[in-house]
$ cat target.cif   # mmCIF, C-alpha atoms
data_model
loop_
_atom_site.label_atom_id
_atom_site.label_comp_id
_atom_site.auth_asym_id
_atom_site.auth_seq_id
_atom_site.Cartn_x
_atom_site.Cartn_y
_atom_site.Cartn_z
CA MET P 277 0.00 0.00 0.00
CA THR P 278 1.27 3.42 -0.94
CA PRO P 279 0.27 6.03 1.64
CA ALA P 280 -1.27 9.34 0.61
CA SER P 281 -2.45 12.33 2.61
CA TYR P 282 -6.09 13.37 2.60
CA ALA P 283 -6.28 17.00 3.79
CA TYR P 284 -9.44 18.16 5.58
CA ALA P 285 -8.84 21.64 6.85
CA VAL P 286 -6.32 24.34 7.62
CA THR P 287 -6.28 26.09 10.96
CA ARG P 288 -3.84 27.69 13.41
CA GLY P 289 -2.27 26.68 16.69
CA LEU P 290 -4.01 23.35 16.96
CA LYS P 291 -2.37 20.79 19.29
CA PRO P 292 -2.22 17.10 18.40
CA GLU P 293 -4.05 16.20 21.60
CA GLN P 294 -6.96 18.35 20.45
CA VAL P 295 -7.65 15.99 17.58
CA ALA P 296 -6.87 12.80 19.46
CA GLY P 297 -9.50 10.25 18.54
CA VAL P 298 -10.91 12.30 15.66
CA ARG P 299 -11.46 10.00 12.71
CA GLY P 300 -11.88 10.87 9.09
CA VAL P 301 -12.51 8.89 5.92
CA ASP P 302 -12.28 5.13 6.26
CA GLY P 303 -12.38 5.63 10.03
CA THR P 304 -8.70 6.58 10.05
CA GLU P 305 -7.42 8.84 12.82
CA VAL P 306 -6.27 12.25 11.70
CA HIS P 307 -2.95 13.89 12.49
CA LEU P 308 -1.46 17.33 12.05
CA VAL P 309 0.99 18.73 9.55
CA ALA P 310 2.38 22.10 10.59
CA HIS P 311 4.19 24.97 8.98
CA ARG P 312 4.94 27.80 11.44
CA ASP P 313 1.61 28.52 13.14
CA LEU P 314 -0.47 26.98 10.33
CA VAL P 315 -1.74 23.46 10.79
CA ALA P 316 -3.29 21.15 8.23
CA VAL P 317 -5.48 18.35 9.53
CA VAL P 318 -4.62 15.27 7.52
CA GLY P 319 -5.48 11.59 7.41
CA ALA P 320 -3.41 8.81 5.89
CA VAL P 321 -5.26 6.99 3.12
CA PRO P 322 -4.11 4.28 0.72
CA LEU P 323 -3.17 5.97 -2.53
CA GLU P 324 -4.61 3.06 -4.48
CA GLU P 325 -8.04 3.87 -3.09
CA TYR P 326 -7.77 7.63 -3.48
CA ASP P 327 -6.08 8.15 -6.81
CA ALA P 328 -7.99 9.85 -9.56
CA ASP P 329 -9.68 6.74 -10.91
CA ALA P 330 -10.56 5.35 -7.49
CA LEU P 331 -11.91 8.70 -6.35
CA LYS P 332 -14.05 9.02 -9.42
CA ALA P 333 -15.50 5.60 -8.85
CA LYS P 334 -16.07 6.28 -5.16
CA LEU P 335 -17.73 9.63 -5.65
CA GLU P 336 -20.10 8.20 -8.18
CA ARG P 337 -21.54 5.83 -5.63
CA ILE P 338 -23.95 7.48 -3.27
CA GLU P 339 -22.95 5.41 -0.24
CA TRP P 340 -19.28 6.33 -0.70
CA LEU P 341 -20.05 9.92 -1.50
CA GLU P 342 -22.10 10.19 1.67
CA ALA P 343 -19.52 8.38 3.79
CA ILE P 344 -16.70 10.62 2.57
CA ALA P 345 -18.81 13.78 2.88
CA ARG P 346 -19.86 12.99 6.43
CA ALA P 347 -16.37 11.95 7.47
CA HIS P 348 -14.92 15.10 5.95
CA HIS P 349 -17.49 17.24 7.68
CA GLY P 350 -16.97 15.44 10.99
CA VAL P 351 -13.29 16.35 10.97
CA VAL P 352 -13.92 19.95 9.91
CA ASP P 353 -16.49 20.29 12.67
CA ALA P 354 -14.22 18.83 15.32
CA VAL P 355 -11.42 21.16 14.27
CA GLY P 356 -13.82 24.10 14.15
CA THR P 357 -14.54 23.84 17.86
CA HIS P 358 -10.98 25.00 18.52
CA GLY P 359 -10.82 28.10 16.39
CA ALA P 360 -11.03 29.62 12.92
CA THR P 361 -10.98 26.83 10.36
CA LEU P 362 -10.65 26.79 6.61
CA PRO P 363 -12.45 23.71 5.32
CA LEU P 364 -10.77 22.28 2.26
CA ARG P 365 -12.73 20.99 -0.66
CA MET P 366 -13.79 17.38 -0.37
CA ALA P 367 -11.23 14.87 -1.69
CA THR P 368 -8.12 17.04 -1.57
CA VAL P 369 -5.41 14.40 -1.63
CA TYR P 370 -1.62 14.78 -1.66
CA ARG P 371 1.13 12.25 -2.17
CA SER P 372 2.66 12.85 1.23
CA ASP P 373 2.58 14.95 4.37
CA GLU P 374 5.67 16.73 3.05
CA ARG P 375 3.61 17.91 0.10
CA VAL P 376 0.94 19.20 2.48
CA ALA P 377 3.58 21.13 4.43
CA GLU P 378 4.81 22.58 1.14
CA VAL P 379 1.29 23.75 0.31
CA LEU P 380 1.02 25.44 3.71
CA ARG P 381 4.37 27.12 3.18
CA ASP P 382 3.60 28.30 -0.33
CA GLY P 383 0.12 29.53 0.58
CA TYR P 384 1.06 30.87 4.00
CA ASP P 385 0.00 34.48 3.46
CA ARG P 386 -3.21 33.52 1.73
CA PHE P 387 -4.23 31.01 4.40
CA THR P 388 -3.37 33.45 7.16
CA ALA P 389 -5.43 36.25 5.62
CA ALA P 390 -8.38 33.91 5.09
CA LEU P 391 -8.22 32.65 8.67
CA ASP P 392 -8.05 36.22 9.95
CA ASP P 393 -11.23 36.99 8.02
CA LEU P 394 -13.08 34.00 9.44
CA ASP P 395 -11.87 34.28 13.01
CA GLY P 396 -14.77 34.42 15.47
CA ARG P 397 -17.36 33.97 12.75
CA VAL P 398 -19.80 31.22 11.91
CA GLU P 399 -21.95 30.36 8.94
CA TRP P 400 -25.72 29.96 9.02
CA GLY P 401 -27.71 28.42 6.24
CA VAL P 402 -31.16 29.76 5.45
CA LYS P 403 -33.50 28.10 2.98
CA LEU P 404 -36.81 29.44 1.86
CA TYR P 405 -39.47 27.21 0.36
CA VAL P 406 -42.64 28.10 -1.46
CA GLU P 407 -45.58 25.77 -1.12
CA PRO P 408 -48.11 26.83 -3.73
CA PRO P 409 -51.76 26.25 -2.84
CA PRO P 410 -53.20 22.96 -4.08
CA PRO P 411 -54.72 23.13 -7.55
CA GLU P 412 -58.37 24.10 -7.77
CA PRO P 413 -60.74 21.16 -7.78
CA ALA P 414 -61.86 20.25 -11.25
CA ALA P 415 -64.41 22.81 -12.32
CA PRO P 416 -67.68 21.84 -13.91
CA PRO P 417 -67.61 22.05 -17.66
CA SER P 418 -67.48 25.64 -18.73
CA ALA P 419 -70.64 27.10 -20.02
CA THR P 420 -68.75 28.98 -22.63
CA GLY P 421 -65.29 29.12 -24.04
CA LYS P 422 -65.00 32.56 -22.53
CA ASP P 423 -65.62 31.20 -19.01
CA TYR P 424 -63.03 28.54 -19.57
CA LEU P 425 -60.43 31.01 -20.66
CA ARG P 426 -61.21 33.28 -17.73
CA ARG P 427 -60.83 30.42 -15.26
CA ARG P 428 -57.54 29.42 -16.75
CA ARG P 429 -56.31 32.98 -16.61
CA ASP P 430 -57.39 33.33 -12.97
CA ALA P 431 -55.64 30.11 -12.01
CA ARG P 432 -52.47 31.23 -13.70
CA ARG P 433 -52.62 34.61 -11.99
CA SER P 434 -53.11 33.03 -8.61
CA ARG P 435 -50.03 30.86 -9.11
CA GLU P 436 -48.08 33.86 -10.26
CA ASP P 437 -49.25 35.76 -7.18
CA VAL P 438 -47.84 33.07 -4.93
CA TRP P 439 -44.50 33.28 -6.67
CA ARG P 440 -44.44 37.05 -6.69
CA ARG P 441 -45.23 37.24 -2.99
CA ALA P 442 -42.63 34.59 -2.27
CA ALA P 443 -40.05 36.51 -4.28
CA GLU P 444 -40.82 39.76 -2.50
CA PHE P 445 -40.75 38.14 0.90
CA GLY P 446 -37.57 36.28 0.12
CA HIS P 447 -35.83 39.46 -0.97
CA ARG P 448 -36.87 41.15 2.25
CA VAL P 449 -35.67 38.25 4.38
CA ASP P 450 -32.43 38.00 2.47
CA ALA P 451 -31.79 41.74 2.70
CA ALA P 452 -32.59 41.86 6.42
CA LEU P 453 -30.33 38.90 7.17
CA ALA P 454 -27.56 40.19 4.93
CA GLU P 455 -27.57 43.36 6.97
CA LEU P 456 -26.84 41.35 10.11
CA ALA P 457 -24.17 39.32 8.36
CA VAL P 458 -20.58 40.02 7.43
CA ASP P 459 -21.01 38.29 4.09
CA THR P 460 -23.64 36.43 2.09
CA ARG P 461 -23.47 33.64 -0.42
CA HIS P 462 -26.27 32.17 -2.50
CA HIS P 463 -26.16 28.48 -3.29
CA ARG P 464 -28.22 26.97 -6.04
CA PRO P 465 -31.73 26.08 -4.96
CA GLN P 466 -32.01 22.44 -4.02
CA ASN P 467 -34.03 19.98 -5.99
CA PRO P 468 -36.85 18.67 -3.81
CA GLN P 469 -36.23 15.18 -5.17
CA LEU P 470 -32.83 15.25 -3.53
CA SER P 471 -33.68 17.12 -0.38
CA GLY P 472 -37.01 15.42 0.17
CA ALA P 473 -38.31 18.79 1.29
CA ARG P 474 -41.85 19.95 0.70
CA GLY P 475 -42.34 22.85 -1.62
CA GLU P 476 -39.88 24.50 -3.93
CA ASN P 477 -36.61 25.81 -2.63
CA VAL P 478 -36.32 29.35 -3.92
CA LEU P 479 -33.59 30.71 -1.65
CA ASN P 480 -30.61 28.69 -0.45
CA ALA P 481 -28.32 31.19 1.20
CA ALA P 482 -25.39 31.16 3.58
CA TYR P 483 -24.52 34.04 5.87
CA LEU P 484 -21.24 34.65 7.64
CA VAL P 485 -22.02 36.03 11.06
CA ASP P 486 -19.97 37.30 14.00
CA ALA P 487 -20.23 34.72 16.74
CA ALA P 488 -21.36 37.37 19.20
CA GLY P 489 -24.47 37.98 17.10
CA ALA P 490 -25.00 34.40 16.01
CA ARG P 491 -27.87 33.69 18.35
CA ASP P 492 -29.74 36.85 17.34
CA PHE P 493 -29.18 36.05 13.72
CA ALA P 494 -30.62 32.56 14.03
CA GLU P 495 -33.59 33.87 15.95
CA ARG P 496 -34.24 36.52 13.36
CA ALA P 497 -34.02 33.97 10.55
CA ARG P 498 -36.35 31.55 12.30
CA SER P 499 -38.86 34.27 12.99
CA ALA P 500 -39.38 34.56 9.24
CA ASP P 501 -40.81 31.07 9.21
CA GLY P 502 -44.57 31.18 9.13
CA ALA P 503 -44.65 34.95 8.68
CA VAL P 504 -46.19 34.58 5.25
CA PRO P 505 -48.62 31.79 4.33
CA GLY P 506 -47.23 29.29 1.88
CA ILE P 507 -43.62 30.15 2.65
CA ARG P 508 -41.41 28.10 4.91
CA VAL P 509 -38.01 29.09 6.24
CA GLU P 510 -35.43 26.56 7.41
CA VAL P 511 -32.27 27.46 9.25
CA THR P 512 -29.21 25.18 9.39
CA GLY P 513 -26.01 25.66 11.31
CA PRO P 514 -23.91 26.98 12.71
CA TRP P 515 -21.54 25.61 10.10
CA ALA P 516 -17.83 25.93 9.71
CA PRO P 517 -17.45 28.74 7.18
CA TYR P 518 -17.53 26.45 4.14
CA SER P 519 -19.28 28.96 1.94
CA PHE P 520 -16.80 31.69 2.76
CA ALA P 521 -13.50 29.90 2.55
CA VAL P 522 -11.52 32.03 0.16
CA PRO P 523 -10.38 30.04 -2.83
CA ALA P 524 -6.64 29.87 -2.77
CA ASP P 525 -4.91 30.60 -6.01
CA PRO P 526 -4.11 27.19 -7.46
CA GLU P 527 -1.01 28.57 -9.14
CA ALA P 528 0.38 29.58 -5.78
CA VAL P 529 -0.05 26.25 -4.07
CA ARG P 530 0.69 23.81 -6.82
CA MET V 125 -36.59 29.86 24.96
CA ARG V 126 -37.49 28.17 21.76
CA ALA V 127 -37.70 24.58 22.70
CA GLY V 128 -37.65 22.07 19.91
CA LEU V 129 -35.28 24.00 17.70
CA PRO V 130 -32.35 21.67 17.37
CA GLY V 131 -29.15 23.08 18.70
CA TYR V 132 -30.61 26.46 19.40
CA ASP V 133 -30.47 26.60 23.16
CA GLU V 134 -27.13 24.92 23.35
CA TYR V 135 -25.56 27.46 21.10
CA THR V 136 -23.85 30.06 23.19
CA GLY V 137 -22.61 32.45 20.57
CA SER V 138 -19.07 32.16 21.85
CA PRO V 139 -16.25 32.62 19.34
CA ALA V 140 -16.24 30.08 16.56
CA TYR V 141 -17.90 27.07 18.15
CA ASP V 142 -18.72 26.16 21.63
CA ALA V 143 -16.85 22.99 22.48
CA ASP V 144 -19.97 21.66 24.17
CA TYR V 145 -21.99 22.09 21.04
CA PRO V 146 -21.90 18.68 19.42
CA LEU V 147 -22.31 19.71 15.85
CA ALA V 148 -20.84 16.53 14.56
CA ASN V 149 -23.54 14.50 16.22
CA ARG V 150 -26.44 16.31 14.72
CA GLU V 151 -28.22 14.86 11.76
CA ILE V 152 -27.31 16.99 8.80
CA ALA V 153 -29.01 16.58 5.47
CA LEU V 154 -26.59 15.23 2.90
CA VAL V 155 -27.84 17.73 0.37
CA ASP V 156 -26.98 20.66 2.68
CA LEU V 157 -23.59 19.14 3.29
CA LEU V 158 -22.87 18.70 -0.41
CA ASP V 159 -23.90 22.28 -1.12
CA ARG V 160 -20.91 23.20 0.97
CA LEU V 161 -18.47 20.37 0.42
CA LEU V 162 -18.70 20.32 -3.34
CA SER V 163 -19.10 23.92 -4.29
CA ASP V 164 -17.22 25.54 -1.43
CA GLY V 165 -14.24 25.13 0.78
CA VAL V 166 -10.78 26.16 -0.20
CA VAL V 167 -10.02 24.71 -3.57
CA LEU V 168 -6.47 23.49 -3.53
CA THR V 169 -4.90 21.61 -6.32
CA GLY V 170 -4.21 18.32 -4.65
CA ASP V 171 -1.63 16.00 -6.15
CA ILE V 172 -4.34 13.52 -6.89
CA THR V 173 -7.24 15.78 -7.66
CA LEU V 174 -4.90 17.51 -10.05
CA ALA V 175 -6.04 14.84 -12.44
CA ILE V 176 -9.68 15.47 -11.65
CA ALA V 177 -10.78 18.91 -12.72
CA ASP V 178 -12.88 20.70 -10.12
CA VAL V 179 -15.86 20.59 -12.32
CA ASP V 180 -15.42 16.86 -12.76
CA LEU V 181 -15.34 16.37 -9.03
CA VAL V 182 -18.70 18.05 -8.74
CA HIS V 183 -20.18 16.28 -11.71
CA ILE V 184 -19.10 12.78 -10.88
CA SER V 185 -20.51 13.23 -7.40
CA LEU V 186 -23.72 14.56 -8.78
CA ARG V 187 -24.06 11.52 -10.95
CA ALA V 188 -24.17 9.53 -7.74
CA LEU V 189 -26.92 11.75 -6.45
CA ILE V 190 -28.90 11.55 -9.63
CA SER V 191 -28.74 7.82 -9.80
CA SER V 192 -29.78 7.69 -6.15
CA VAL V 193 -33.11 9.30 -6.84
CA LYS V 194 -35.46 7.51 -9.09
CA ALA V 195 -36.30 8.68 -12.49
CA ASP V 196 -35.92 11.29 -15.04
CA MET V 197 -34.27 14.26 -13.48
CA PRO V 198 -32.73 16.63 -15.94
CA SER V 199 -30.41 18.24 -13.42
CA PRO V 200 -29.65 17.56 -9.80
CA TRP V 201 -30.24 21.09 -8.64
CA GLY V 202 -32.53 23.79 -9.84
CA GLY V 203 -35.76 21.90 -10.24
CA ARG V 204 -37.27 24.87 -11.97
CA GLY V 205 -35.81 26.49 -14.99
CA ARG V 206 -36.18 29.95 -13.61
CA GLY V 207 -37.37 30.68 -10.14
CA PRO V 208 -38.18 34.07 -8.71
CA PHE V 209 -34.81 34.06 -7.01
CA ASP V 210 -32.62 33.64 -10.00
CA MET V 211 -31.99 37.34 -9.90
CA ILE V 212 -30.44 37.09 -6.47
CA GLY V 213 -28.85 33.74 -6.98
CA GLY V 214 -25.71 35.16 -8.45
CA GLY V 215 -25.54 32.36 -10.96
#

$ encode --input "target.cif" --output "structure tokens"
Amino acid sequence: MTPASYAYAVTRGLKPEQVAGVRGVDGTEVHLVAHRDLVAVVGAVPLEEYDADALKAKLERIEWLEAIARAHHGVVDAVGTHGATLPLRMATVYRSDERVAEVLRDGYDRFTAALDDLDGRVEWGVKLYVEPPPPEPAAPPSATGKDYLRRRRDARRSREDVWRRAAEFGHRVDAALAELAVDTRHHRPQNPQLSGARGENVLNAAYLVDAAGARDFAERARSADGAVPGIRVEVTGPWAPYSFAVPADPEAVR
Amino acid sequence: MRAGLPGYDEYTGSPAYDADYPLANREIALVDLLDRLLSDGVVLTGDITLAIADVDLVHISLRALISSVKADMPSPWGGRGRGPFDMIGGG
């Protein structure tokens, strides 16, 4: 077996004992790779199972995708309890710990600036769903073609009203929350077939919030739920600042 | 107090995370997780993922998602062609 290094996150000043017992992908314990005050949280994985082909195959199978995603998140979360944490993209794999140290060294300024930005901040997720009213019961046959057309037009307008109100409300919620947040990021709306959620996801946002105001923020976001009929608001978090991790310049860390 | 809101009362608002706040133990929807794990996080060029373009990484994972839900889904996200929020979605 050729060992490789799966990197989960970059943080500062973390002590090995603080990640004792933390396990990542394949249930392997993580360890630390340091450069000056920067620390990468890394797990040893067999290269044969994490090379490009193996990764492709793994990530195409839902059970592996989920296992890796949850393991990755578990490590990021555990590290996040100790201080500002930059989550790395899922499946960031290096040939050795030495390579990871090199990446920390080469990207030192960039990582440090990003960690400074995220220090003392958390991410909240806010999703807004629209649940349109059920379709009208089948109408009796129209007396005239004119009646039929009018009914169709009314039905269409009522659906459009729901969407328009949802859009207006969503903009207000988003603007109000953005004002309380340091930064905002909009993810793509989720497909209800994947999320299993009722209604249509029309806003899928992440907000970076100062920890001191995190409770107020969550309360504010949750208060939007039920404020308007047919619109549901879901709050997730606090998350490690996944949505606000500054992309490092690939040229600089290659 | 807002009982019944998971994690709410435990959250203390202290810097970063409260060590007593067992985030890792909470049930998190895979789809929320993948929103963050696939499209966010620092994108480093790993030695291995060098061979897998970023976009590939997302797409191959999404194929897993698609095949995990039954039927004829055109795209894993964005059930609607244009929703009222496209204007604020930033792409």

$ closest_residue --input "target.cif" --among "P:Ala503, P:Val438, P:Val317, P:Ala490" --to "chain V" --atoms "only C-alpha atoms"
P:Ala490

$ closest_residue --input "target.cif" --among "P:Gly401, P:Gly356, P:Gly472, P:Pro322" --to "Asp159 in chain V" --atoms "all atoms listed in the file"
P:Gly401

$ resolve_selection --input "target.cif" --expression "the PyMOL selection byres ((chain V and resi 157) around 10)" --output "PyMOL selection string"
(chain P and resi 342+345-346+348-349+515+518) or (chain V and resi 152-156+158-162)

$ resolve_selection --input "target.cif" --expression "the PyMOL selection byres ((chain P) within 6 of (chain V))" --output "PyMOL selection string"
chain P and resi 327-328+335-338+350+357+359+363-366+368-370+396-398+443+462+465-467+471+478+487-488+490-491+518-519+521-523+526

$ atom_distance --input "target.cif" --atom1 "CA of Leu404 in chain P" --atom2 "CA of Ala497 in chain P"
10.2 Å

$ closest_residue --input "target.cif" --among "P:Val376, P:Tyr326, P:Met277, P:Val355" --to "Gln294 in chain P" --atoms "only C-alpha atoms"
P:Val355

$ residues_around --input "target.cif" --residues "Val309 in chain P" --least-positions-apart "3" --cutoff "12 Å" --atoms "all atoms listed in the file" --output "mmCIF file with C-alpha atoms, in the coordinates of the input"
data_model
loop_
_atom_site.group_PDB
_atom_site.id
_atom_site.type_symbol
_atom_site.label_atom_id
_atom_site.label_comp_id
_atom_site.auth_asym_id
_atom_site.auth_seq_id
_atom_site.Cartn_x
_atom_site.Cartn_y
_atom_site.Cartn_z
ATOM 1 C CA SER P 281 -2.450 12.330 2.610
ATOM 2 C CA TYR P 282 -6.090 13.370 2.600
ATOM 3 C CA ALA P 283 -6.280 17.000 3.790
ATOM 4 C CA TYR P 284 -9.440 18.160 5.580
ATOM 5 C CA ALA P 285 -8.840 21.640 6.850
ATOM 6 C CA VAL P 286 -6.320 24.340 7.620
ATOM 7 C CA THR P 287 -6.280 26.090 10.960
ATOM 8 C CA ARG P 288 -3.840 27.690 13.410
ATOM 9 C CA GLY P 289 -2.270 26.680 16.690
ATOM 10 C CA LEU P 290 -4.010 23.350 16.960
ATOM 11 C CA LYS P 291 -2.370 20.790 19.290
ATOM 12 C CA PRO P 292 -2.220 17.100 18.400
ATOM 13 C CA VAL P 306 -6.270 12.250 11.700
ATOM 14 C CA ARG P 312 4.940 27.800 11.440
ATOM 15 C CA ASP P 313 1.610 28.520 13.140
ATOM 16 C CA LEU P 314 -0.470 26.980 10.330
ATOM 17 C CA VAL P 315 -1.740 23.460 10.790
ATOM 18 C CA ALA P 316 -3.290 21.150 8.230
ATOM 19 C CA VAL P 317 -5.480 18.350 9.530
ATOM 20 C CA VAL P 318 -4.620 15.270 7.520
ATOM 21 C CA GLY P 319 -5.480 11.590 7.410
ATOM 22 C CA ALA P 320 -3.410 8.810 5.890
ATOM 23 C CA SER P 372 2.660 12.850 1.230
ATOM 24 C CA ASP P 373 2.580 14.950 4.370
ATOM 25 C CA GLU P 374 5.670 16.730 3.050
ATOM 26 C CA ARG P 375 3.610 17.910 0.100
ATOM 27 C CA VAL P 376 0.940 19.200 2.480
ATOM 28 C CA ALA P 377 3.580 21.130 4.430
ATOM 29 C CA GLU P 378 4.810 22.580 1.140
ATOM 30 C CA VAL P 379 1.290 23.750 0.310
ATOM 31 C CA LEU P 380 1.020 25.440 3.710
ATOM 32 C CA ARG P 381 4.370 27.120 3.180
#

$ atom_distance --input "target.cif" --atom1 "CA of Leu331 in chain P" --atom2 "CA of Arg386 in chain P"
27.5 Å

$ atom_distance --input "target.cif" --atom1 "CA of Asn480 in chain P" --atom2 "CA of Lys334 in chain P"
27.1 Å

$ axis_aligned_box --input "target.cif" --around "range 461-476 of chain P" --padding-each-side "8 Å" --output "lines of an AutoDock Vina configuration file"
center_x = -32.9
center_y = 24.4
center_z = -2.4
size_x = 34.9
size_y = 34.5
size_z = 23.3
